[in-house]
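Reading through the structure tokens given below for one structure.
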Amino acid sequence: MNAMKRILALFISLIAITAVAQSPREMLDRAVAALKSKGAVTATYSVKGTQGKSTGTITMSGVKYRIVSADMKCWYNGSTMWTYSKLTDEVNITTPTAADLQTSNPYAAAADFKTNYDMWKAAGQIAGCYAIMLKPKKKSPVSKLYIYIDLKTNMVRNLHVKMTDGNTFTITLKNYKGGASVNDATFNFDKTMVPQGTQVVDLR
């Protein structure tokens with residue numbers, strides 16, 4: 001999984017963190033509870049980093065999600081993942097492993113952070129936000145990451161990630177809407193959303 005896809009998957013895990021917990025660990029526990037309570041959630045996002053810029057929308061319902069941007073689309077229905085890349089002009093079908101789900105499944109990711117990351121309340125660098133800094137305990141493609149939670153809405157506003165290869169990413173999330181009306185088909189591959197004739201490669 002390339003750096004951009006790792007970061008896109010990572011921020012999916014963080015969109016429902018609340019700002020009233022007493023510690024980062026409690027905040028991660030509250031994130032899972034908040035995500036479960038909201039049902040389907042939609043939001044818009046922008047990613048800006050050393051590898052370029054990207055904007056799009058994300059739709060989530062429990063462990064299922066769909067990401068739609070100009071250069072990438074991803075569907076995950078809870079067991080199978082379809083990923084379209086404009087760069088390769090193909091769709092890859094995979095069955096995520098437990099390790100994959102630690103960066104794409106919000107519940108697995110929360111457990112991963114608590115087990116494999118050290119966390120601190122960081123000095124806020126964005127007005128009106130609660131900041132958390134995380135560092136991996138073991139070798140990881142992520143060097144350090146910061147999560148900024150809006151104190152008024154209790155939702156993640158920004159995620160800043162520093163990779164060990166020197167790349168950095170800043171993700172901004174806006175326009176959260178809970179209780180979105182979606183059905184299970186939303187999280188399955190939709191061939192009408194990719195160019196006609198796009199090759200589909202089954203890597204399972």
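Following the order of the structure tokens, first chain is A, next is B, and so on, with residues numbered from 1 inside each chain and ligands from 1 in the order they appear.
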
Selection: 6 Å around segment 60-72 of chain A, only C-alpha atoms, excl. self and same-chain fewer than 6 positions, as a JSON list (two decimals) with C-alpha atoms, in the first residue's frame:
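Done, and the output landed in selection.json:
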```
[["chain", "number", "residue", "atom", "x", "y", "z"],
["A", 39, "GLY", "CA", -24.72, 5.13, 11.80],
["A", 40, "ALA", "CA", -23.72, 6.15, 8.28],
["A", 41, "VAL", "CA", -21.46, 9.22, 8.07],
["A", 78, "GLY", "CA", -16.53, -5.47, 5.30],
["A", 84, "TYR", "CA", -9.22, 2.11, -8.44],
["A", 85, "SER", "CA", -6.17, 4.19, -9.30],
["A", 86, "LYS", "CA", -6.18, 6.73, -12.11],
["A", 105, "ASN", "CA", -10.83, -0.52, 9.95],
["A", 187, "PHE", "CA", -19.74, -0.15, -0.43]]
```

* In segment 138-177 of chain A, DSSP strand (DSSP E or B) residues written as JSON, numbers by chain -> {"A": [142, 143, 144, 145, 146, 147, 148, 149, 150, 156, 157, 158, 159, 160, 161, 162, 163, 168, 169, 170, 171, 172, 173, 174, 175, 176, 177]}

Could you turn the residues from that selection into a file that holds N, CA and C atoms, as a PDB file, in the first residue's frame?
```pdb
ATOM      1  N   VAL A 142       5.226   5.324   9.450  1.00  0.00           N
ATOM      2  CA  VAL A 142       4.820   6.584  10.071  1.00  0.00           C
ATOM      3  C   VAL A 142       5.818   6.941  11.159  1.00  0.00           C
ATOM      4  N   SER A 143       6.367   8.151  11.077  1.00  0.00           N
ATOM      5  CA  SER A 143       7.305   8.625  12.094  1.00  0.00           C
ATOM      6  C   SER A 143       6.566   9.258  13.264  1.00  0.00           C
ATOM      7  N   LYS A 144       5.577  10.089  12.941  1.00  0.00           N
ATOM      8  CA  LYS A 144       4.847  10.824  13.967  1.00  0.00           C
ATOM      9  C   LYS A 144       3.543  11.325  13.349  1.00  0.00           C
ATOM     10  N   LEU A 145       2.491  11.379  14.153  1.00  0.00           N
ATOM     11  CA  LEU A 145       1.260  11.960  13.633  1.00  0.00           C
ATOM     12  C   LEU A 145       0.558  12.774  14.705  1.00  0.00           C
ATOM     13  N   TYR A 146      -0.126  13.809  14.242  1.00  0.00           N
ATOM     14  CA  TYR A 146      -0.876  14.703  15.122  1.00  0.00           C
ATOM     15  C   TYR A 146      -2.346  14.687  14.712  1.00  0.00           C
ATOM     16  N   ILE A 147      -3.221  14.623  15.694  1.00  0.00           N
ATOM     17  CA  ILE A 147      -4.654  14.648  15.456  1.00  0.00           C
ATOM     18  C   ILE A 147      -5.214  15.907  16.120  1.00  0.00           C
ATOM     19  N   TYR A 148      -5.987  16.674  15.372  1.00  0.00           N
ATOM     20  CA  TYR A 148      -6.578  17.905  15.894  1.00  0.00           C
ATOM     21  C   TYR A 148      -8.099  17.772  15.911  1.00  0.00           C
ATOM     22  N   ILE A 149      -8.695  17.892  17.110  1.00  0.00           N
ATOM     23  CA  ILE A 149     -10.119  17.688  17.287  1.00  0.00           C
ATOM     24  C   ILE A 149     -10.797  19.009  17.606  1.00  0.00           C
ATOM     25  N   ASP A 150     -11.825  19.340  16.852  1.00  0.00           N
ATOM     26  CA  ASP A 150     -12.566  20.578  17.054  1.00  0.00           C
ATOM     27  C   ASP A 150     -13.311  20.520  18.391  1.00  0.00           C
ATOM     28  N   VAL A 156     -12.819  15.329  14.339  1.00  0.00           N
ATOM     29  CA  VAL A 156     -11.470  15.587  13.857  1.00  0.00           C
ATOM     30  C   VAL A 156     -11.517  16.620  12.737  1.00  0.00           C
ATOM     31  N   ARG A 157     -10.704  17.658  12.875  1.00  0.00           N
ATOM     32  CA  ARG A 157     -10.626  18.692  11.853  1.00  0.00           C
ATOM     33  C   ARG A 157      -9.401  18.495  10.961  1.00  0.00           C
ATOM     34  N   ASN A 158      -8.273  18.136  11.581  1.00  0.00           N
ATOM     35  CA  ASN A 158      -7.035  17.954  10.822  1.00  0.00           C
ATOM     36  C   ASN A 158      -6.251  16.758  11.331  1.00  0.00           C
ATOM     37  N   LEU A 159      -5.494  16.159  10.428  1.00  0.00           N
ATOM     38  CA  LEU A 159      -4.561  15.084  10.750  1.00  0.00           C
ATOM     39  C   LEU A 159      -3.267  15.385  10.018  1.00  0.00           C
ATOM     40  N   HIS A 160      -2.171  15.533  10.772  1.00  0.00           N
ATOM     41  CA  HIS A 160      -0.874  15.824  10.164  1.00  0.00           C
ATOM     42  C   HIS A 160       0.048  14.634  10.393  1.00  0.00           C
ATOM     43  N   VAL A 161       0.600  14.099   9.313  1.00  0.00           N
ATOM     44  CA  VAL A 161       1.395  12.874   9.380  1.00  0.00           C
ATOM     45  C   VAL A 161       2.790  13.106   8.822  1.00  0.00           C
ATOM     46  N   LYS A 162       3.784  12.635   9.554  1.00  0.00           N
ATOM     47  CA  LYS A 162       5.169  12.665   9.099  1.00  0.00           C
ATOM     48  C   LYS A 162       5.619  11.229   8.871  1.00  0.00           C
ATOM     49  N   MET A 163       6.061  10.927   7.646  1.00  0.00           N
ATOM     50  CA  MET A 163       6.502   9.581   7.305  1.00  0.00           C
ATOM     51  C   MET A 163       8.014   9.460   7.498  1.00  0.00           C
ATOM     52  N   THR A 168       5.315  14.215   4.053  1.00  0.00           N
ATOM     53  CA  THR A 168       4.356  14.689   5.043  1.00  0.00           C
ATOM     54  C   THR A 168       2.992  14.853   4.383  1.00  0.00           C
ATOM     55  N   PHE A 169       1.947  14.724   5.182  1.00  0.00           N
ATOM     56  CA  PHE A 169       0.582  14.870   4.696  1.00  0.00           C
ATOM     57  C   PHE A 169      -0.235  15.631   5.728  1.00  0.00           C
ATOM     58  N   THR A 170      -1.070  16.524   5.258  1.00  0.00           N
ATOM     59  CA  THR A 170      -2.048  17.187   6.118  1.00  0.00           C
ATOM     60  C   THR A 170      -3.432  16.922   5.544  1.00  0.00           C
ATOM     61  N   ILE A 171      -4.289  16.341   6.342  1.00  0.00           N
ATOM     62  CA  ILE A 171      -5.638  15.994   5.926  1.00  0.00           C
ATOM     63  C   ILE A 171      -6.624  16.890   6.668  1.00  0.00           C
ATOM     64  N   THR A 172      -7.517  17.519   5.924  1.00  0.00           N
ATOM     65  CA  THR A 172      -8.541  18.375   6.502  1.00  0.00           C
ATOM     66  C   THR A 172      -9.911  17.769   6.219  1.00  0.00           C
ATOM     67  N   LEU A 173     -10.730  17.660   7.261  1.00  0.00           N
ATOM     68  CA  LEU A 173     -12.061  17.061   7.146  1.00  0.00           C
ATOM     69  C   LEU A 173     -13.123  18.122   7.424  1.00  0.00           C
ATOM     70  N   LYS A 174     -14.162  18.151   6.583  1.00  0.00           N
ATOM     71  CA  LYS A 174     -15.225  19.144   6.724  1.00  0.00           C
ATOM     72  C   LYS A 174     -16.586  18.516   6.395  1.00  0.00           C
ATOM     73  N   ASN A 175     -17.624  19.267   6.672  1.00  0.00           N
ATOM     74  CA  ASN A 175     -18.986  18.929   6.231  1.00  0.00           C
ATOM     75  C   ASN A 175     -19.440  17.544   6.677  1.00  0.00           C
ATOM     76  N   TYR A 176     -19.200  17.224   7.954  1.00  0.00           N
ATOM     77  CA  TYR A 176     -19.680  15.957   8.490  1.00  0.00           C
ATOM     78  C   TYR A 176     -21.207  15.913   8.489  1.00  0.00           C
ATOM     79  N   LYS A 177     -21.744  14.769   8.104  1.00  0.00           N
ATOM     80  CA  LYS A 177     -23.183  14.557   8.173  1.00  0.00           C
ATOM     81  C   LYS A 177     -23.436  13.148   8.685  1.00  0.00           C
TER      82      LYS A 177
END
```

* Within 12 Å of Lys191 of chain A using only C-alpha atoms, minus same-chain residues under 2 positions, as a count of residues only -> 20

* Given only C-alpha atoms as the counted atoms, nearest of A:Thr192, A:Asn92, A:Ser79, A:Thr164 to Ser140 of chain A ->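 Answer, going by the shortest atom-to-atom distance: A:Thr164.
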